[in-house]
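Written below as structure tokens is the structure these notes are about.
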Amino acid sequence: MPKILSKERLAQNIVQIEVDAPMIARSAKAGQFVVLRINEEGERIPLTIADKDPESGKVTIIFQEAGASTCYLGSLEVGSEIKNILGPLGTPAHINKVGHVVVIGGGVGIAEIYPAIKAYKDAGNKVTTIIGARCKDLLLSEAKIKSITDELLITTDDGSCGRKGFVTEILKEMLEDSSIEINLVYAVGPVPMMEAVCHVTAPAKIKTIVSLNPIMLDATGMCGVCRVTVGGQTKFGCVDGPEFDGHLVDFKELKARLSAYKDKEKIASDHVCKLAHL
Ligand SMILES: Cc1cc2nc3c(=O)[nH]c(=O)nc-3n(C[C@H](O)[C@H](O)[C@H](O)COP(=O)(O)OP(=O)(O)OC[C@H]3O[C@@H](n4cnc5c(N)ncnc54)[C@H](O)[C@@H]3O)c2cc1C
Ligand code: FES
């Protein structure tokens, strides 16, 4: 069974683990994810492949303790085995040389943008990265991102690091600056952030890719739970995505579907998170 090889708590509720998964480490591409099951009774948790090392066979996952399953995962220690890890899943990001790409990460989404930044750089693009979090302590992977991006711009809601405000304010200013040409925007983070980014880029007709996180079950295109409406058509987040043209996404429907099980999730979360932190 796959083993947890390392564990680091990056912030109060955000944990990074490295899992022994050589086949996934060898074949994963930017934009793809895995589905973990902690034990026989465990639900299936989709999590982005934040990094991979094909030589050592390690896959890095960074997750927020959002509820029952992720709290339980966060309570496991180095050496623990998990029931299984399935992947790489999803359609890899379509990476081309387009010129200047602005990559935006918000919240735990910051931890997920490293493979995309690297892939866009490797394809010969100039990459400006904007990351935003509630406060300084939640700015994940800052040094790692800085080491590969051409430019790193930071915002925090409380002003404890970088500019006080939201990532969209910096993006808006860049779009208003006639000396800056932007060819593509790529955004990962909370749904309202991705939606706001799309509102900013739509009038300028700048192609904007978002990585969606609909609720998933089998993650292989069989159950339909992850359906999203994109350009008026039903798409499955797990196989057609998770990346889509943000200007075509029905965000209202996505938000409604994501909150459909809130009551049940709260009951499970209160129970497991209490046990995990005893
Ligand atoms: C493709 C994809 C990649 C993701 N990558 C990451 C990542 O790298 N790091 C990270 O912290 N989170 C990521 N998520 C979200 C993560 O899967 C959920 O936070 C997790 O499943 C929550 O489960 P829970 O039992 O801990 O919490 P719950 O209390 O069950 O849920 C908390 C919230 O998480 C969402 N959620 C619940 N179950 C699922 C599910 N089966 N699939 C998707 N979302 C769900 C819902 O919005 C829910 O309100 C990703 C989701 C998707 C679809
Ligand atoms: S999760 Fe079942 S079809 Fe996508």
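Within each chain, counting starts at residue 1; across the structure tokens, chains are named A, B, ... in the order shown, with ligands numbered 1 upward in that order.
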
Protein and nucleic acid residues within 8 Å of ligand 1 (only C-alpha atoms and all ligand atoms) as a PyMOL selection string: chain A and resi 14+32-34+43-50+61-72+90+108-109+111-112+211-217+226+237-238+241-242+258-262+264-266+268-269

Spatial neighbours of Gly99 (chain A), max dist 8 Å, only C-alpha atoms, sep filter under 5 positions, as a list of chain:residue names: A:Gly124, A:Asn125, A:Lys126, A:Ile182, A:Asn183

Those residues you just picked out, can you put them in a file as a short mmCIF file (atom, residue, chain, number, x, y, z; two decimals), in the first residue's frame with C-alpha atoms?
```cif
data_model
loop_
_atom_site.label_atom_id
_atom_site.label_comp_id
_atom_site.auth_asym_id
_atom_site.auth_seq_id
_atom_site.Cartn_x
_atom_site.Cartn_y
_atom_site.Cartn_z
CA GLY A 124 9.18 29.17 -23.66
CA ASN A 125 6.64 31.59 -22.18
CA LYS A 126 7.23 34.58 -19.94
CA ILE A 182 -1.06 39.37 -21.66
CA ASN A 183 -1.78 36.39 -23.88
#
```

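Within 8 Å of Gly105 (chain A), once only C-alpha atoms are used and residues closer than 2 positions along the same chain are dropped, the contacting residues are Val103, Gly107, Val108, Gly109, Ile110, Ala111, Glu112, Ile113, Thr129, Ile130, Ile131, Gly132, Ala187, Val188 and Gly189 of chain A.
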
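Note that the spacing between CA of Ala143 (chain A) and CA of Ser160 (chain A) amounts to 16.8 Å.
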
Neighbour list for region 17-26 of chain A as a ChimeraX atom specification, cut-off 10 Å, only C-alpha atoms, skip fewer than 4 positions in-chain: /A:1-9,33-34,49-63,73-74,76-82,84-89

Residue among A:Thr128, A:Gly165, A:Leu153, A:Thr91 lying closest to Phe236 (chain A), counting only C-alpha atoms: A:Thr91
